[in-house]
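Take a look at the structure below.
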Amino acid sequence: MSTLKFIPKANLLFNKLRNQNFTNASRCISTSLVNNCDADKKTWFSKFLTVRNIEAGTEAHSKLLADPDAIYELQVHDVQPDKMEQYLKICESKVNELQGKEKNTELVASFRVEIGNQDQCVNIWRYKNGYPTATKAHELLKSDKTLINLTSDEAKLLRKRENQLMAAFGFWGKTEPAVRNCNYEMRTYILKPGTMIEWGNNWARGIHYRQNKVAGYFSQLGQLYIAHHIWHYDDLQARKDVRESAWRKSGWDEIVAGTVPLIREMRSKWMVGNSFSPIR
């Protein structure tokens, strides 16, 4: 009996709210309809509720977002604290050996982390013809005696290692060699599954607010739904100044508001280029 009494009361309350135009207000926080609300009535909070602003379609994310010319590999090596110099010598020898034997494989950058995961190096490789070249390079590392020995010597100096295969965001442009003698920040974003399209859509606009871009990638194998953005700065104060200046530009707050709801976790590494790195 109590249930039968409750339902009419609930209906009366719903009708009352509907008559007071509460349903129109609720539409303003709907992801699909938020852009139809009066622009003058948008608040900072309502901007953060807007997540999807393009249709994902039926194509793979890599086809919609990526530079189609290459596949990249990110290698992260945690080095024993007193073995960094020895590691860098072996790493340089390995780079020269692999590039000499597989012409479509090239080192994009090699960084040493100064703030973040200390005693860590980040190496980025480019496989020019995509997965066929990546396959050849990996097979060579397992079959060539010199490379096997170098990999073994390198492994003895490490505490941990991991890698990812990545695609490059097409709107970032090709990662080019550059000797800037500066610092680099790699910002890593672990995204919610299904949000890479929104991420790319927002950053295709957001990239124009920053003039210090270096590279942008997203994972294909390894841990998925990860985006990596690399920026260059003269020093820590320059980083502060550049980031603050972006907030003074009209529209940057909307880029941030569109990307924050997509993130599950974010990390940052402050790095310098190693002596043999094409980007340093």
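Chain labels follow the order of the structure tokens: the first chain is A, the next B, and so on; residue numbering restarts at 1 in every chain, and ligands are counted from 1 in their shown order.
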Would you list the contacts of Glu85 of chain A as a PyMOL selection string, taking every protein, DNA or RNA residue within 12 Å and counting only C-alpha atoms, but skipping same-chain residues closer than 2 positions in sequence?
chain A and resi 79-83+87-92+112+119-121+154+157+274-275
Kindly export the residues of the current selection with N, CA and C atoms, as a short mmCIF file (atom, residue, chain, number, x, y, z; two decimals), in the first residue's frame.
```cif
data_model
loop_
_atom_site.label_atom_id
_atom_site.label_comp_id
_atom_site.auth_asym_id
_atom_site.auth_seq_id
_atom_site.Cartn_x
_atom_site.Cartn_y
_atom_site.Cartn_z
N VAL A 79 67.49 3.64 -14.81
CA VAL A 79 68.90 3.26 -14.72
C VAL A 79 69.33 3.19 -13.26
N GLN A 80 70.23 2.28 -12.96
CA GLN A 80 70.81 2.25 -11.62
C GLN A 80 71.52 3.59 -11.37
N PRO A 81 71.30 4.21 -10.21
CA PRO A 81 71.77 5.58 -9.97
C PRO A 81 73.24 5.83 -10.28
N ASP A 82 74.10 4.85 -10.06
CA ASP A 82 75.53 5.07 -10.28
C ASP A 82 76.01 4.55 -11.63
N LYS A 83 75.08 4.22 -12.53
CA LYS A 83 75.43 3.61 -13.81
C LYS A 83 75.01 4.46 -15.01
N TYR A 87 75.57 3.65 -18.96
CA TYR A 87 74.37 3.38 -19.76
C TYR A 87 74.34 4.24 -21.02
N LEU A 88 74.65 5.51 -20.90
CA LEU A 88 74.58 6.42 -22.04
C LEU A 88 75.57 6.02 -23.13
N LYS A 89 76.75 5.55 -22.76
CA LYS A 89 77.73 5.11 -23.75
C LYS A 89 77.21 3.90 -24.52
N ILE A 90 76.63 2.94 -23.80
CA ILE A 90 76.10 1.74 -24.46
C ILE A 90 74.89 2.10 -25.32
N CYS A 91 74.05 2.99 -24.80
CA CYS A 91 72.86 3.41 -25.55
C CYS A 91 73.25 4.07 -26.86
N GLU A 92 74.26 4.94 -26.84
CA GLU A 92 74.72 5.59 -28.06
C GLU A 92 75.25 4.57 -29.06
N ARG A 112 67.24 12.61 -20.69
CA ARG A 112 67.50 12.19 -19.31
C ARG A 112 66.60 13.00 -18.39
N ASP A 119 67.00 9.35 -12.49
CA ASP A 119 67.78 8.22 -12.97
C ASP A 119 67.00 7.46 -14.04
N GLN A 120 66.31 8.21 -14.86
CA GLN A 120 65.49 7.61 -15.93
C GLN A 120 65.83 8.26 -17.26
N CYS A 121 65.81 7.45 -18.33
CA CYS A 121 66.01 7.97 -19.68
C CYS A 121 64.81 7.61 -20.54
N GLU A 154 73.27 -3.37 -21.73
CA GLU A 154 72.38 -2.28 -21.31
C GLU A 154 71.45 -2.74 -20.20
N LEU A 157 72.38 -2.68 -16.49
CA LEU A 157 72.49 -1.37 -15.83
C LEU A 157 71.12 -0.81 -15.44
N ASN A 274 70.18 14.08 -24.29
CA ASN A 274 71.51 13.47 -24.19
C ASN A 274 72.39 13.93 -25.35
N SER A 275 73.68 13.76 -25.21
CA SER A 275 74.64 14.33 -26.18
C SER A 275 74.44 13.80 -27.59
#
```
Nearby residues (only C-alpha atoms) at most 12 Å from Asp144 of chain A, same-chain spacing under 5 positions excluded, as number ranges by chain
A: 94, 97-98, 101-102, 136-139, 149-151
What parts of segment 29-276 of chain A does DSSP call strand (DSSP E)? I'd like the answer as a PyMOL selection string.
chain A and resi 71-79+105-115+120-127+158-168+183-191+213-221+226-233+263-273
Can those selected residues be exported to a file as a compact mmCIF listing (two decimals), in the first residue's frame so that it contains C-alpha atoms?
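What landed in result_19.txt:
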```txt
# COMPACT_ATOMS: atom_id res chain seq x y z
CA ILE A 71 55.10 4.50 -36.19
CA TYR A 72 57.05 5.56 -33.10
CA GLU A 73 58.41 3.65 -30.13
CA LEU A 74 58.78 5.14 -26.67
CA GLN A 75 61.34 3.37 -24.47
CA VAL A 76 61.56 4.28 -20.78
CA HIS A 77 64.64 2.99 -18.96
CA ASP A 78 65.13 3.29 -15.19
CA VAL A 79 68.90 3.26 -14.72
CA THR A 105 64.76 3.17 -38.26
CA GLU A 106 65.97 6.38 -36.63
CA LEU A 107 66.33 7.84 -33.17
CA VAL A 108 64.06 10.88 -32.74
CA ALA A 109 65.25 11.89 -29.28
CA SER A 110 66.96 10.62 -26.14
CA PHE A 111 66.29 12.46 -22.88
CA ARG A 112 67.50 12.19 -19.31
CA VAL A 113 64.92 13.00 -16.62
CA GLU A 114 65.93 15.64 -14.08
CA ILE A 115 62.60 16.21 -12.30
CA GLN A 120 65.49 7.61 -15.93
CA CYS A 121 66.01 7.97 -19.68
CA VAL A 122 63.37 8.33 -22.38
CA ASN A 123 64.23 7.22 -25.91
CA ILE A 124 61.94 7.81 -28.89
CA TRP A 125 62.38 5.94 -32.19
CA ARG A 126 60.73 6.47 -35.55
CA TYR A 127 59.95 3.59 -37.94
CA LEU A 158 68.70 -1.04 -15.55
CA ARG A 159 66.23 -1.36 -12.69
CA LYS A 160 63.18 -1.38 -14.96
CA ARG A 161 62.26 -0.87 -18.59
CA GLU A 162 59.04 -0.47 -20.57
CA ASN A 163 57.99 0.56 -24.04
CA GLN A 164 55.02 1.58 -26.16
CA LEU A 165 54.35 1.76 -29.86
CA MET A 166 52.78 5.10 -30.72
CA ALA A 167 51.31 7.13 -33.54
CA ALA A 168 51.99 10.84 -33.93
CA ASN A 183 64.96 21.80 -21.23
CA TYR A 184 62.05 19.65 -22.32
CA GLU A 185 58.86 18.72 -20.54
CA MET A 186 56.97 15.55 -21.40
CA ARG A 187 53.41 15.63 -20.14
CA THR A 188 51.71 12.25 -20.13
CA TYR A 189 47.93 11.90 -19.94
CA ILE A 190 46.15 8.64 -19.21
CA LEU A 191 42.72 9.13 -20.76
CA LYS A 213 55.67 22.45 -29.28
CA VAL A 214 58.06 19.57 -29.98
CA ALA A 215 56.02 16.38 -30.41
CA GLY A 216 52.65 14.79 -29.68
CA TYR A 217 51.95 11.05 -29.66
CA PHE A 218 49.29 8.57 -28.59
CA SER A 219 49.79 4.90 -27.72
CA GLN A 220 48.95 2.00 -30.02
CA LEU A 221 50.51 -0.94 -28.15
CA ILE A 226 47.87 7.48 -23.33
CA ALA A 227 48.81 10.81 -24.92
CA HIS A 228 52.30 12.31 -24.66
CA HIS A 229 52.99 15.99 -25.34
CA ILE A 230 56.57 17.30 -25.43
CA TRP A 231 57.37 21.02 -25.07
CA HIS A 232 60.64 22.95 -24.99
CA TYR A 233 61.54 25.72 -22.50
CA ILE A 263 41.76 12.60 -18.03
CA ARG A 264 42.14 9.77 -15.54
CA GLU A 265 45.74 10.54 -14.55
CA MET A 266 48.51 12.90 -15.61
CA ARG A 267 52.28 12.98 -15.16
CA SER A 268 55.15 15.29 -16.01
CA LYS A 269 58.88 14.80 -16.64
CA TRP A 270 61.42 17.65 -16.81
CA MET A 271 64.22 16.49 -19.11
CA VAL A 272 67.43 17.37 -20.94
CA GLY A 273 68.61 15.92 -24.24
```
Report, in Å with one decimal, the straight-line distance from atom CA of Asp253 of chain A to atom CA of Ala66 of chain A.
25.2 Å
Where does DSSP see helix (DSSP H, G or I) in segment 22-244 of chain A, if you list the residues as an MDAnalysis selection string?
chainID A and resid 22:27 34:36 39:41 44:48 61:65 84:101 131:143 145:155 170:172 196:209 236:244
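From atom CA of Ile279 of chain A back to atom CA of Tyr131 of chain A, the distance works out to 23.5 Å.
What separates atom CA of Arg239 of chain A from atom CA of Phe169 of chain A is a distance of 22.6 Å.
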